[in-house]
$ cat protein_3.txt   # compact mmCIF, C-alpha atoms
# COMPACT_ATOMS: atom_id res chain seq x y z
CA MET A 1 4.88 -32.30 -14.70
CA ARG A 2 6.13 -28.81 -15.58
CA GLU A 3 3.48 -28.55 -18.33
CA ALA A 4 0.78 -29.65 -15.89
CA LYS A 5 2.03 -27.04 -13.41
CA LYS A 6 1.72 -24.34 -16.07
CA ILE A 7 -1.86 -25.30 -16.90
CA ALA A 8 -2.79 -25.49 -13.21
CA LEU A 9 -1.43 -21.99 -12.59
CA LEU A 10 -3.53 -20.51 -15.39
CA TRP A 11 -6.73 -22.31 -14.48
CA HIS A 12 -6.54 -21.78 -10.74
CA TRP A 13 -6.45 -18.00 -11.01
CA GLY A 14 -9.60 -17.71 -13.04
CA ALA A 15 -8.47 -16.99 -16.58
CA SER A 16 -11.34 -19.17 -17.76
CA LEU A 17 -12.50 -17.19 -20.77
CA VAL A 18 -9.05 -16.84 -22.24
CA VAL A 19 -8.20 -20.45 -21.47
CA LEU A 20 -11.29 -21.49 -23.43
CA ARG A 21 -9.81 -19.75 -26.45
CA ALA A 22 -6.66 -21.78 -25.95
CA HIS A 23 -8.86 -24.88 -25.60
CA LEU A 24 -10.35 -24.23 -29.03
CA VAL A 25 -6.87 -24.01 -30.51
CA TRP A 26 -6.05 -27.36 -28.95
CA LEU A 27 -9.26 -28.94 -30.28
CA GLU A 28 -8.57 -27.65 -33.78
CA LYS A 29 -5.22 -29.39 -33.66
CA GLY A 30 -6.85 -32.62 -32.47
CA PHE A 31 -5.77 -32.55 -28.84
CA SER A 32 -7.90 -32.83 -25.67
CA PHE A 33 -7.56 -30.38 -22.79
CA PHE A 34 -8.65 -32.36 -19.76
CA SER A 35 -5.78 -32.73 -17.33
CA LEU A 36 -6.01 -29.86 -14.82
CA LEU A 37 -4.24 -30.09 -11.49
CA SER A 38 -5.13 -28.25 -8.31
CA MET A 39 -2.64 -25.71 -6.93
CA MET A 40 -1.78 -25.59 -3.27
CA GLU A 41 -4.62 -23.94 -1.38
CA GLY A 42 -4.00 -21.63 1.53
CA GLU A 43 -0.47 -20.73 0.44
CA THR A 44 0.62 -17.59 2.25
CA SER A 45 3.77 -16.66 0.39
CA TRP A 46 5.04 -16.65 -3.15
CA VAL A 47 8.42 -17.46 -4.62
CA SER A 48 10.77 -14.73 -3.44
CA HIS A 49 12.05 -13.82 -6.90
CA CYS A 50 12.04 -10.10 -7.65
CA LEU A 51 11.28 -9.11 -11.21
CA ASP A 52 14.49 -8.38 -13.10
CA ASP A 53 15.69 -8.07 -16.64
CA ASN A 54 17.25 -11.51 -16.86
CA GLY A 55 15.25 -14.68 -17.28
CA ARG A 56 16.47 -17.86 -15.65
CA ASP A 57 17.06 -20.97 -17.69
CA ASN A 58 15.42 -23.85 -15.85
CA GLY A 59 16.69 -26.44 -18.31
CA ASN A 60 14.71 -28.39 -20.86
CA TYR A 61 10.94 -28.00 -20.68
CA ASN A 62 9.04 -31.11 -19.69
CA SER A 63 6.19 -31.96 -22.03
CA PHE A 64 2.56 -32.47 -21.03
CA SER A 65 1.51 -36.06 -21.51
CA GLU A 66 -2.09 -37.07 -22.17
CA LEU A 67 -4.09 -39.89 -23.67
CA SER A 68 -4.97 -39.86 -27.36
CA ASP A 69 -8.63 -39.39 -28.21
CA GLU A 70 -8.48 -42.24 -30.72
CA ASP A 71 -7.69 -45.27 -28.62
CA ASN A 72 -6.96 -43.86 -25.13
CA LYS A 73 -3.76 -45.88 -25.22
CA GLU A 74 -1.26 -43.90 -27.20
CA ASN A 75 0.56 -41.16 -25.34
CA THR A 76 0.93 -37.87 -27.15
CA GLU A 77 3.38 -35.26 -25.95
CA VAL A 78 2.16 -31.69 -26.40
CA SER A 79 4.08 -28.59 -25.39
CA LEU A 80 1.95 -25.69 -24.22
CA ASP A 81 4.78 -23.35 -25.24
CA LEU A 82 4.54 -24.54 -28.85
CA ILE A 83 0.77 -24.11 -29.09
CA LEU A 84 0.16 -20.71 -27.45
CA PRO A 85 1.66 -17.67 -29.18
CA ASP A 86 3.34 -15.01 -27.02
CA ASP A 87 0.48 -12.51 -27.21
CA LEU A 88 -2.12 -15.07 -26.11
CA LEU A 89 0.05 -16.44 -23.31
CA GLU A 90 0.78 -12.89 -22.18
CA ARG A 91 -2.94 -12.18 -22.15
CA ILE A 92 -3.62 -15.26 -20.02
CA LEU A 93 -0.86 -14.45 -17.53
CA SER A 94 -2.09 -10.87 -17.17
CA TYR A 95 -5.22 -12.22 -15.43
CA LEU A 96 -3.16 -13.62 -12.58
CA PRO A 97 -3.11 -11.76 -9.25
CA VAL A 98 0.22 -10.41 -8.05
CA PRO A 99 1.35 -13.56 -6.16
CA GLY A 100 0.52 -15.62 -9.24
CA ILE A 101 2.81 -13.45 -11.37
CA PHE A 102 5.75 -14.31 -9.15
CA ARG A 103 4.92 -18.01 -9.22
CA ALA A 104 4.51 -17.91 -13.00
CA GLY A 105 7.90 -16.22 -13.39
CA SER A 106 9.58 -19.20 -11.72
CA VAL A 107 7.98 -21.85 -13.96
CA CYS A 108 10.27 -21.57 -16.97
CA LYS A 109 12.50 -19.20 -18.91
CA ARG A 110 9.82 -18.17 -21.40
CA TRP A 111 7.27 -17.27 -18.74
CA ASN A 112 9.92 -15.39 -16.79
CA GLU A 113 10.78 -13.31 -19.84
CA ILE A 114 7.11 -12.54 -20.47
CA VAL A 115 6.26 -11.36 -16.96
CA ASN A 116 9.46 -9.27 -16.92
CA SER A 117 8.74 -7.50 -20.20
CA ARG A 118 7.81 -3.84 -20.12
CA ARG A 119 4.76 -4.45 -22.28
CA PHE A 120 3.43 -7.07 -19.87
CA LEU A 121 3.98 -4.88 -16.81
CA TRP A 122 2.26 -1.96 -18.52
CA ASN A 123 -0.71 -4.09 -19.60
CA PHE A 124 -0.96 -5.95 -16.30
CA SER A 125 -2.03 -2.87 -14.36
CA ARG A 126 -4.87 -2.28 -16.84
CA VAL A 127 -6.35 -5.77 -17.03
CA LEU A 128 -7.42 -6.46 -13.46
CA SER A 129 -8.17 -3.97 -10.73
CA GLN A 130 -5.95 -4.73 -7.75
CA LYS A 131 -7.34 -3.70 -4.37
CA PRO A 132 -4.92 -1.91 -2.01
CA TRP A 133 -3.06 -4.19 0.37
CA TYR A 134 -2.26 -3.62 4.03
CA PHE A 135 1.16 -4.45 5.43
CA MET A 136 1.11 -5.27 9.15
CA PHE A 137 4.31 -5.25 11.17
CA THR A 138 4.39 -8.24 13.48
CA SER A 139 7.28 -7.12 15.67
CA SER A 140 7.95 -3.96 17.63
CA ASP A 141 11.66 -4.10 16.81
CA GLU A 142 12.07 -5.92 13.48
CA PRO A 143 10.68 -4.86 10.06
CA PHE A 144 8.91 -8.18 9.53
CA GLY A 145 5.27 -8.69 8.76
CA TYR A 146 2.47 -9.85 6.50
CA ALA A 147 0.61 -8.15 3.66
CA TYR A 148 -3.16 -8.61 3.38
CA ASP A 149 -4.76 -8.99 -0.05
CA PRO A 150 -8.49 -8.12 0.29
CA LEU A 151 -9.25 -9.46 -3.20
CA LEU A 152 -8.19 -13.03 -2.38
CA LYS A 153 -8.57 -12.55 1.39
CA LYS A 154 -5.10 -13.91 2.07
CA TRP A 155 -2.04 -12.84 4.01
CA TYR A 156 1.41 -13.07 2.40
CA GLY A 157 4.77 -12.99 4.11
CA ILE A 158 6.94 -10.36 2.43
CA GLU A 159 10.09 -8.48 3.39
CA LEU A 160 10.46 -4.73 3.03
CA PRO A 161 13.78 -3.39 1.73
CA ARG A 162 15.89 -0.93 3.71
CA ILE A 163 13.48 -0.16 6.56
CA GLU A 164 15.06 -1.17 9.87
CA THR A 165 12.31 -0.73 12.47
CA PRO A 166 8.51 -0.33 12.34
CA ASN A 167 8.70 3.15 13.90
CA TRP A 168 10.13 4.68 10.72
CA PHE A 169 8.00 7.29 8.95
CA ILE A 170 6.06 5.67 6.09
CA ALA A 171 3.98 7.06 3.23
CA SER A 172 2.68 5.45 0.03
CA SER A 173 1.20 6.38 -3.34
CA CYS A 174 0.42 4.43 -6.52
CA GLY A 175 2.62 1.43 -5.76
CA LEU A 176 5.58 3.30 -4.27
CA VAL A 177 6.37 3.53 -0.56
CA SER A 178 8.70 6.04 1.09
CA PHE A 179 10.57 5.29 4.34
CA MET A 180 12.39 7.79 6.58
CA ASP A 181 14.29 6.88 9.73
CA ASN A 182 12.98 8.09 13.06
CA ASP A 183 16.34 9.08 14.56
CA SER A 184 18.35 11.50 12.45
CA ARG A 185 15.58 11.86 9.78
CA SER A 186 18.40 11.73 7.22
CA GLU A 187 17.81 8.31 5.64
CA LEU A 188 15.02 8.47 3.06
CA TYR A 189 14.20 5.69 0.59
CA ILE A 190 11.63 5.15 -2.15
CA CYS A 191 10.78 1.55 -3.02
CA ASN A 192 8.28 -0.74 -4.65
CA PRO A 193 7.50 -3.29 -1.90
CA ILE A 194 6.42 -5.91 -4.45
CA THR A 195 9.34 -5.82 -6.89
CA LYS A 196 11.83 -4.66 -4.21
CA ARG A 197 13.21 -1.96 -6.51
CA GLU A 198 14.46 0.95 -4.42
CA ARG A 199 16.32 4.24 -4.46
CA ARG A 200 17.82 6.37 -1.73
CA LEU A 201 17.09 10.10 -1.85
CA GLN A 202 19.33 12.90 -0.74
CA GLU A 203 18.99 13.97 2.87
CA PRO A 204 16.11 16.43 3.28
CA PRO A 205 17.29 19.99 4.03
CA GLY A 206 16.19 22.16 6.92
CA LEU A 207 16.18 21.61 10.65
CA LYS A 208 18.47 18.97 12.06
CA PHE A 209 16.82 16.58 14.54
CA PRO A 210 13.33 18.16 14.47
CA ASP A 211 10.91 17.35 17.26
CA TYR A 212 8.23 16.25 14.80
CA SER A 213 8.26 15.23 11.14
CA ALA A 214 5.53 14.33 8.67
CA LEU A 215 6.26 12.42 5.44
CA ALA A 216 4.12 12.29 2.28
CA ILE A 217 4.53 11.10 -1.32
CA SER A 218 2.46 11.66 -4.46
CA VAL A 219 3.03 9.64 -7.64
CA ASN A 220 1.86 10.87 -11.03
CA ARG A 221 -0.30 8.08 -12.45
CA THR A 222 0.28 9.10 -16.07
CA SER A 223 4.06 9.51 -15.96
CA PRO A 224 6.98 8.11 -13.94
CA LYS A 225 7.20 11.21 -11.73
CA TYR A 226 6.64 11.73 -8.04
CA ILE A 227 7.12 14.31 -5.33
CA VAL A 228 8.01 13.75 -1.69
CA SER A 229 7.31 16.23 1.08
CA VAL A 230 8.67 16.46 4.61
CA VAL A 231 7.13 18.86 7.14
CA LYS A 232 9.49 19.55 10.04
CA SER A 233 8.55 21.11 13.35
CA LYS A 234 10.91 22.18 16.14
CA GLN A 235 10.26 24.14 19.31
CA VAL A 236 11.79 27.60 19.49
CA PRO A 237 14.39 27.51 22.31
CA GLU A 238 12.91 28.49 25.70
CA ASN A 239 9.50 29.25 24.17
CA PHE A 240 7.00 26.40 24.34
CA PHE A 241 4.29 28.32 22.46
CA GLN A 242 6.37 29.04 19.36
CA TRP A 243 7.43 26.41 16.87
CA ASP A 244 9.53 26.57 13.71
CA VAL A 245 7.68 24.83 10.89
CA SER A 246 9.26 24.21 7.48
CA ILE A 247 8.06 22.45 4.31
CA HIS A 248 10.55 20.62 2.08
CA VAL A 249 9.62 19.17 -1.32
CA TYR A 250 11.58 16.72 -3.51
CA ASP A 251 10.92 16.45 -7.27
CA SER A 252 11.93 13.13 -8.87
CA GLU A 253 12.28 14.79 -12.27
CA THR A 254 14.86 17.37 -11.17
CA ARG A 255 16.12 15.29 -8.21
CA ILE A 256 16.34 18.48 -6.17
CA TRP A 257 14.95 19.44 -2.77
CA MET A 258 13.22 22.80 -2.40
CA THR A 259 12.17 24.59 0.78
CA PRO A 260 9.20 26.72 -0.28
CA LEU A 261 8.17 27.77 3.23
CA THR A 262 9.61 28.37 6.68
CA GLU A 263 7.42 29.92 9.34
CA VAL A 264 7.06 30.33 13.10
CA LEU A 265 3.68 29.27 14.49
CA SER A 266 2.41 30.59 17.82
CA GLY A 267 0.26 28.26 19.88
CA TRP A 268 0.50 25.46 17.35
CA ARG A 269 3.03 22.81 16.33
CA GLY A 270 3.34 20.31 13.53
CA GLY A 271 3.00 16.58 13.99
CA ASP A 272 3.51 13.34 12.09
CA GLU A 273 0.38 13.30 9.88
CA SER A 274 0.47 14.60 6.31
CA VAL A 275 -0.75 13.62 2.83
CA ILE A 276 -0.78 15.08 -0.69
CA CYS A 277 -4.09 15.20 -2.57
CA ASP A 278 -4.51 16.74 -6.01
CA GLY A 279 -1.43 18.95 -5.64
CA VAL A 280 -2.27 20.16 -2.13
CA LEU A 281 -0.24 19.22 0.94
CA TYR A 282 -2.38 18.68 4.03
CA PHE A 283 -0.94 18.25 7.52
CA LEU A 284 -2.37 18.27 11.02
CA ILE A 285 -1.27 20.80 13.61
CA TYR A 286 -1.72 20.52 17.35
CA SER A 287 -2.42 23.11 20.03
CA THR A 288 0.44 23.80 22.44
CA GLY A 289 -1.85 25.22 25.13
CA GLY A 290 -3.74 28.40 25.90
CA ARG A 291 -6.79 27.17 23.99
CA SER A 292 -9.99 25.33 24.82
CA GLN A 293 -9.77 21.56 24.85
CA GLU A 294 -12.30 21.40 22.00
CA ASN A 295 -9.84 22.97 19.59
CA ARG A 296 -6.74 20.83 19.99
CA HIS A 297 -6.34 19.95 16.30
CA GLY A 298 -6.30 21.89 13.06
CA LEU A 299 -5.64 21.09 9.40
CA ILE A 300 -3.26 23.10 7.22
CA ALA A 301 -3.76 23.11 3.44
CA TYR A 302 -0.70 24.19 1.45
CA ASN A 303 -0.92 24.39 -2.35
CA LEU A 304 2.32 22.97 -3.73
CA SER A 305 1.77 24.70 -7.08
CA SER A 306 1.03 28.28 -6.02
CA ARG A 307 3.21 28.02 -2.87
CA SER A 308 1.67 30.47 -0.43
CA SER A 309 3.78 33.23 1.08
CA PRO A 310 5.19 32.92 4.61
CA GLY A 311 2.90 34.07 7.38
CA LEU A 312 -0.22 32.61 5.80
CA LEU A 313 -0.22 29.05 7.13
CA LEU A 314 -2.69 29.67 9.94
CA GLU A 315 -4.95 31.58 7.55
CA SER A 316 -5.41 28.33 5.62
CA CYS A 317 -6.20 26.36 8.79
CA ILE A 318 -9.36 24.23 8.54
CA PRO A 319 -11.09 23.26 11.81
CA VAL A 320 -11.56 19.55 12.46
CA PRO A 321 -15.17 18.29 12.51
CA CYS A 322 -15.25 17.47 16.24
CA PRO A 323 -12.94 17.03 19.24
CA LEU A 324 -10.44 14.34 18.27
CA THR A 325 -8.24 12.01 20.27
CA CYS A 326 -6.19 11.45 17.11
CA GLY A 327 -6.47 11.96 13.36
CA ARG A 328 -5.17 9.94 10.39
CA LEU A 329 -5.01 11.49 6.91
CA MET A 330 -5.15 9.59 3.60
CA ASN A 331 -5.65 10.16 -0.12
CA LEU A 332 -8.56 8.23 -1.60
CA LYS A 333 -8.92 8.96 -5.32
CA GLU A 334 -7.42 12.46 -4.88
CA LYS A 335 -9.88 13.28 -2.09
CA LEU A 336 -8.72 13.99 1.46
CA VAL A 337 -10.15 11.49 3.93
CA MET A 338 -9.61 11.62 7.69
CA VAL A 339 -10.17 8.83 10.18
CA GLY A 340 -10.40 10.17 13.71
CA GLY A 341 -11.03 9.11 17.26
CA ILE A 342 -14.09 11.02 18.50
CA GLY A 343 -13.56 12.46 21.97
CA LYS A 344 -16.22 12.65 24.64
CA GLN A 345 -17.93 16.01 25.08
CA ASP A 346 -16.86 16.47 28.69
CA ARG A 347 -13.56 14.62 28.27
CA PRO A 348 -12.34 15.17 24.67
CA ASP A 349 -9.14 13.23 25.41
CA ILE A 350 -11.16 10.02 25.97
CA ILE A 351 -12.41 8.21 22.90
CA LYS A 352 -16.09 7.36 22.44
CA GLY A 353 -16.06 6.29 18.79
CA ILE A 354 -14.22 6.34 15.46
CA GLY A 355 -15.45 8.32 12.47
CA ILE A 356 -14.55 8.78 8.80
CA TRP A 357 -14.85 12.15 7.05
CA ILE A 358 -14.11 13.47 3.57
CA LEU A 359 -13.12 17.10 2.95
CA ASN A 360 -15.28 19.01 0.48
CA GLY A 361 -13.77 22.46 0.04
CA LYS A 362 -13.38 23.52 3.65
CA GLU A 363 -16.31 21.50 4.95
CA TRP A 364 -16.12 18.02 6.45
CA ILE A 365 -18.71 15.46 5.36
CA GLU A 366 -19.15 12.46 7.64
CA ILE A 367 -19.05 9.21 5.68
CA SER A 368 -19.49 6.67 8.45
CA ARG A 369 -18.90 5.81 12.09
CA MET A 370 -17.54 2.54 13.28
CA PRO A 371 -20.47 0.35 14.44
CA HIS A 372 -20.64 -0.17 18.17
CA ARG A 373 -20.22 -3.94 17.80
CA HIS A 374 -16.86 -3.37 16.08
CA PHE A 375 -15.80 -0.59 18.41
CA GLN A 376 -16.40 -2.70 21.51
CA GLY A 377 -13.31 -4.64 22.39
CA PHE A 378 -11.41 -3.19 19.43
CA GLY A 379 -10.96 0.54 19.82
CA GLU A 380 -12.81 1.55 22.96
CA PHE A 381 -9.66 1.44 25.10
CA ASP A 382 -7.33 3.00 22.51
CA ASP A 383 -7.38 6.78 22.23
CA VAL A 384 -4.91 6.46 19.36
CA PHE A 385 -4.79 3.83 16.65
CA ALA A 386 -3.28 3.08 13.23
CA SER A 387 -5.25 3.82 10.08
CA SER A 388 -4.27 3.98 6.43
CA GLY A 389 -6.01 3.70 3.09
CA THR A 390 -5.99 4.30 -0.65
CA ASP A 391 -8.32 3.91 -3.63
CA ASP A 392 -11.65 2.94 -1.99
CA LEU A 393 -10.51 1.03 1.12
CA VAL A 394 -9.76 2.31 4.63
CA TYR A 395 -7.89 0.09 7.07
CA ILE A 396 -8.10 0.60 10.85
CA GLN A 397 -5.94 -1.29 13.31
CA SER A 398 -5.57 -1.22 17.07
CA TYR A 399 -1.99 -0.83 18.25
CA GLY A 400 -2.64 -3.49 20.86
CA ALA A 401 -3.82 -6.37 18.65
CA PRO A 402 -3.29 -7.81 15.15
CA ALA A 403 -7.01 -7.45 14.32
CA LEU A 404 -7.66 -5.46 11.11
CA LEU A 405 -10.92 -3.73 10.23
CA VAL A 406 -11.70 -2.70 6.63
CA PHE A 407 -14.16 -0.03 5.48
CA ASP A 408 -15.23 0.02 1.83
CA MET A 409 -15.95 3.62 0.80
CA THR A 410 -17.95 2.52 -2.24
CA GLN A 411 -20.18 -0.04 -0.56
CA LYS A 412 -20.19 1.74 2.83
CA GLN A 413 -19.47 -1.57 4.55
CA TRP A 414 -17.38 -2.51 7.58
CA LYS A 415 -15.70 -5.91 7.53
CA TRP A 416 -13.02 -7.77 9.43
CA SER A 417 -10.08 -9.03 7.43
CA GLN A 418 -9.04 -12.65 7.49
CA LYS A 419 -7.17 -13.41 10.70
CA CYS A 420 -3.52 -12.40 10.47
CA PRO A 421 -1.18 -15.40 10.94
CA VAL A 422 0.48 -13.85 13.99
CA THR A 423 -0.42 -13.90 17.65
CA LYS A 424 0.30 -11.48 20.46
CA ARG A 425 3.23 -12.88 22.42
CA PHE A 426 3.40 -10.44 25.35
CA PRO A 427 1.08 -7.76 26.81
CA LEU A 428 3.05 -4.69 25.64
CA GLN A 429 3.55 -5.93 22.08
CA LEU A 430 2.49 -3.25 19.58
CA PHE A 431 1.18 -3.64 16.05
CA THR A 432 1.04 -1.10 13.25
CA GLY A 433 1.01 -1.00 9.46
CA PHE A 434 0.26 0.89 6.26
CA ALA A 435 -1.77 0.55 3.05
CA PHE A 436 -0.20 0.44 -0.42
CA GLU A 437 -1.15 -0.45 -3.97
CA PRO A 438 0.40 -3.70 -5.25
CA ARG A 439 1.75 -2.55 -8.62
CA LEU A 440 4.49 -4.07 -10.73
CA GLU A 441 5.12 -1.26 -13.23
CA THR A 442 5.95 1.61 -10.89
CA VAL A 443 9.67 2.28 -10.47
CA PRO A 444 11.27 4.62 -7.90
$ encode --input "protein_3.txt" --output "structure tokens"
Amino acid sequence: MREAKKIALLWHWGASLVVLRAHLVWLEKGFSFFSLLSMMEGETSWVSHCLDDNGRDNGNYNSFSELSDEDNKENTEVSLDLILPDDLLERILSYLPVPGIFRAGSVCKRWNEIVNSRRFLWNFSRVLSQKPWYFMFTSSDEPFGYAYDPLLKKWYGIELPRIETPNWFIASSCGLVSFMDNDSRSELYICNPITKRERRLQEPPGLKFPDYSALAISVNRTSPKYIVSVVKSKQVPENFFQWDVSIHVYDSETRIWMTPLTEVLSGWRGGDESVICDGVLYFLIYSTGGRSQENRHGLIAYNLSSRSSPGLLLESCIPVPCPLTCGRLMNLKEKLVMVGGIGKQDRPDIIKGIGIWILNGKEWIEISRMPHRHFQGFGEFDDVFASSGTDDLVYIQSYGAPALLVFDMTQKQWKWSQKCPVTKRFPLQLFTGFAFEPRLETVP
């Protein structure tokens, strides 16, 4: 039965072309390849084995029994492990989606060693394009939830390491996710939510217990390097219009925090939205009063390479495209994308729609607006909402319901995700989440 399980795993996940090559090998040796079993459909979780360096010995391998082509009476035992060489089996397994990799790793010792090898992990990310997933917290107090795979249109139950509550600050890039606690802002972790590998960073320097913090991470796709930024904002004592704003940057190569800028802003404060795109740190600032209601938001662009001098932050401020009830920043293929709640002309604090813009230089280009049929009953009563994205997908979620809307930047299409396997248990229950790339090779 173990051999049949192996064959079913390969066939079910669509490695048809490569399996045909294996079929030819079988035919040349005089065997028939006809016994294919169906895997469990609708499975919403995979074996909770994290990838590690040690394979597990599951005992002796069971052989695959089939009828002989000669008389259909004689049983012939054929081991798939003896027929397929490592490179061909590795090629077949690389066509599995992420959940299939975890299931394959639990089949036998040989498969576990293959999917744990560095060569396999490196090749896996280059064989199939994995769409970004969305992790939805299903509790206001506990860090539990489900991850949505738009490629297979399935939800998977996974556990996130270290994070204690859903209100922690979260940022993601190229398979890594950073978490920072919302109390002391001193606990900061980097992890791969798929493999569960993690690392705790040193406490960010600067202001203790800031009023607002914004977290961002940027992973180098060609090397195992990343940078983490934290923008802190704290009100100057007894002066509501002045705020201390500081930028702190961590380099994984040197493992050192730097504070390239500290500045006092008048009439503006920092918030909790920031992202790094193509070496530039973007973060939203918010008016503290004394301005028209149409100009409540602004966008700061800070070049992490040139590192502008103090006193120049507001000179780099980019106006938002329209009055916003809220704004969400994200990096899509090194381009800054903003999803915002569009405020009414006479009442800019009341939402009338949701739009998506991309920044071109210092000009905003509108990509799309949420269709009215989606906006009705989903976002029309929520001035603020959750939104996150990467690659070519944007996810938008109402805080008040587990419904998830997906916008494809390439196809310019709005679609609902498959229904999340969680229901709202009480009226004040809140839902939130974040997008991340499901990658096996990235290590914090």
$ atom_distance --input "protein_3.txt" --atom1 "atom CA of A:Ser274" --atom2 "atom CA of A:Leu215"
6.2 Å
$ closest_residue --input "protein_3.txt" --among "A:Leu176, A:Gln202, A:Lys234, A:Ala386" --to "A:Glu273" --atoms "all atoms listed in the file"
A:Ala386
$ atom_distance --input "protein_3.txt" --atom1 "atom CA of A:Ile318" --atom2 "atom CA of A:Thr259"
22.9 Å
$ residues_around --input "protein_3.txt" --residues "A:Leu284" --least-positions-apart "4" --cutoff "9 Å" --atoms "all atoms listed in the file" --output "number ranges by chain"
A: 269-274, 297-300, 327-329
$ closest_residue --input "protein_3.txt" --among "A:Gly105, A:Trp133, A:Ser218, A:Val275" --to "A:Leu152" --atoms "only C-alpha atoms"
A:Trp133
$ closest_residue --input "protein_3.txt" --among "A:Glu253, A:Glu142, A:Glu187, A:Asp391" --to "A:Asn167" --atoms "all atoms listed in the file"
A:Glu142
$ residues_around --input "protein_3.txt" --residues "A:Trp122" --least-positions-apart "4" --cutoff "9 Å" --atoms "all atoms listed in the file" --output "list in words"
Ser117, Arg118, Arg126, Leu440 and Glu441 of chain A
$ atom_distance --input "protein_3.txt" --atom1 "atom CA of A:Pro371" --atom2 "atom CA of A:Ser287"
29.6 Å
$ residues_around --input "protein_3.txt" --residues "A:Ile190" --least-positions-apart "6" --cutoff "6 Å" --atoms "all atoms listed in the file" --output "number ranges by chain"
A: 177-178, 198-199, 444
$ residues_near_point --input "protein_3.txt" --point "(-0.1, -0.4, 15.5)" --cutoff "9 Å" --atoms "all atoms listed in the file" --output "list of chain:residue names"
A:Met136, A:Phe137, A:Phe385, A:Ala386, A:Ser387, A:Gln397, A:Ser398, A:Tyr399, A:Gly400, A:Ala401, A:Pro402, A:Leu430, A:Phe431, A:Thr432, A:Gly433
$ residues_around --input "protein_3.txt" --residues "A:Phe378" --least-positions-apart "3" --cutoff "8 Å" --atoms "only C-alpha atoms" --output "JSON, numbers by chain"
{"A": [374, 375, 381, 398, 403]}
$ residues_around --input "protein_3.txt" --residues "A:Leu336" --least-positions-apart "3" --cutoff "12 Å" --atoms "all atoms listed in the file" --output "number ranges by chain"
A: 274-283, 299, 301, 328-333, 339, 356-365, 389-392
$ build_atoms --input "protein_3.txt" --residues "stretch 195-207 of chain A" --atoms "N, CA and C atoms" --output "CSV table (one decimal), in the frame of the given file"
chain,number,residue,atom,x,y,z
A,195,THR,N,8.2,-5.5,-6.1
A,195,THR,CA,9.3,-5.8,-6.9
A,195,THR,C,10.7,-5.6,-6.2
A,196,LYS,N,10.6,-4.9,-5.0
A,196,LYS,CA,11.8,-4.7,-4.2
A,196,LYS,C,12.8,-3.6,-4.9
A,197,ARG,N,12.4,-3.0,-5.9
A,197,ARG,CA,13.2,-2.0,-6.5
A,197,ARG,C,13.2,-0.8,-5.6
A,198,GLU,N,14.3,-0.1,-5.4
A,198,GLU,CA,14.5,1.0,-4.4
A,198,GLU,C,15.4,2.0,-4.9
A,199,ARG,N,15.4,3.2,-4.2
A,199,ARG,CA,16.3,4.2,-4.5
A,199,ARG,C,16.4,5.1,-3.2
A,200,ARG,N,17.6,5.5,-2.9
A,200,ARG,CA,17.8,6.4,-1.7
A,200,ARG,C,17.9,7.8,-2.2
A,201,LEU,N,17.1,8.7,-1.5
A,201,LEU,CA,17.1,10.1,-1.8
A,201,LEU,C,18.1,10.8,-1.0
A,202,GLN,N,18.4,12.0,-1.5
A,202,GLN,CA,19.3,12.9,-0.7
A,202,GLN,C,18.7,13.3,0.6
A,203,GLU,N,19.5,13.6,1.6
A,203,GLU,CA,19.0,14.0,2.9
A,203,GLU,C,18.1,15.2,2.7
A,204,PRO,N,16.9,15.2,3.3
A,204,PRO,CA,16.1,16.4,3.3
A,204,PRO,C,16.8,17.6,4.0
A,205,PRO,N,16.7,18.8,3.4
A,205,PRO,CA,17.3,20.0,4.0
A,205,PRO,C,16.5,20.5,5.3
A,206,GLY,N,16.9,21.6,5.8
A,206,GLY,CA,16.2,22.2,6.9
A,206,GLY,C,16.7,21.8,8.3
A,207,LEU,N,15.8,21.8,9.3
A,207,LEU,CA,16.2,21.6,10.6
A,207,LEU,C,16.8,20.2,10.9
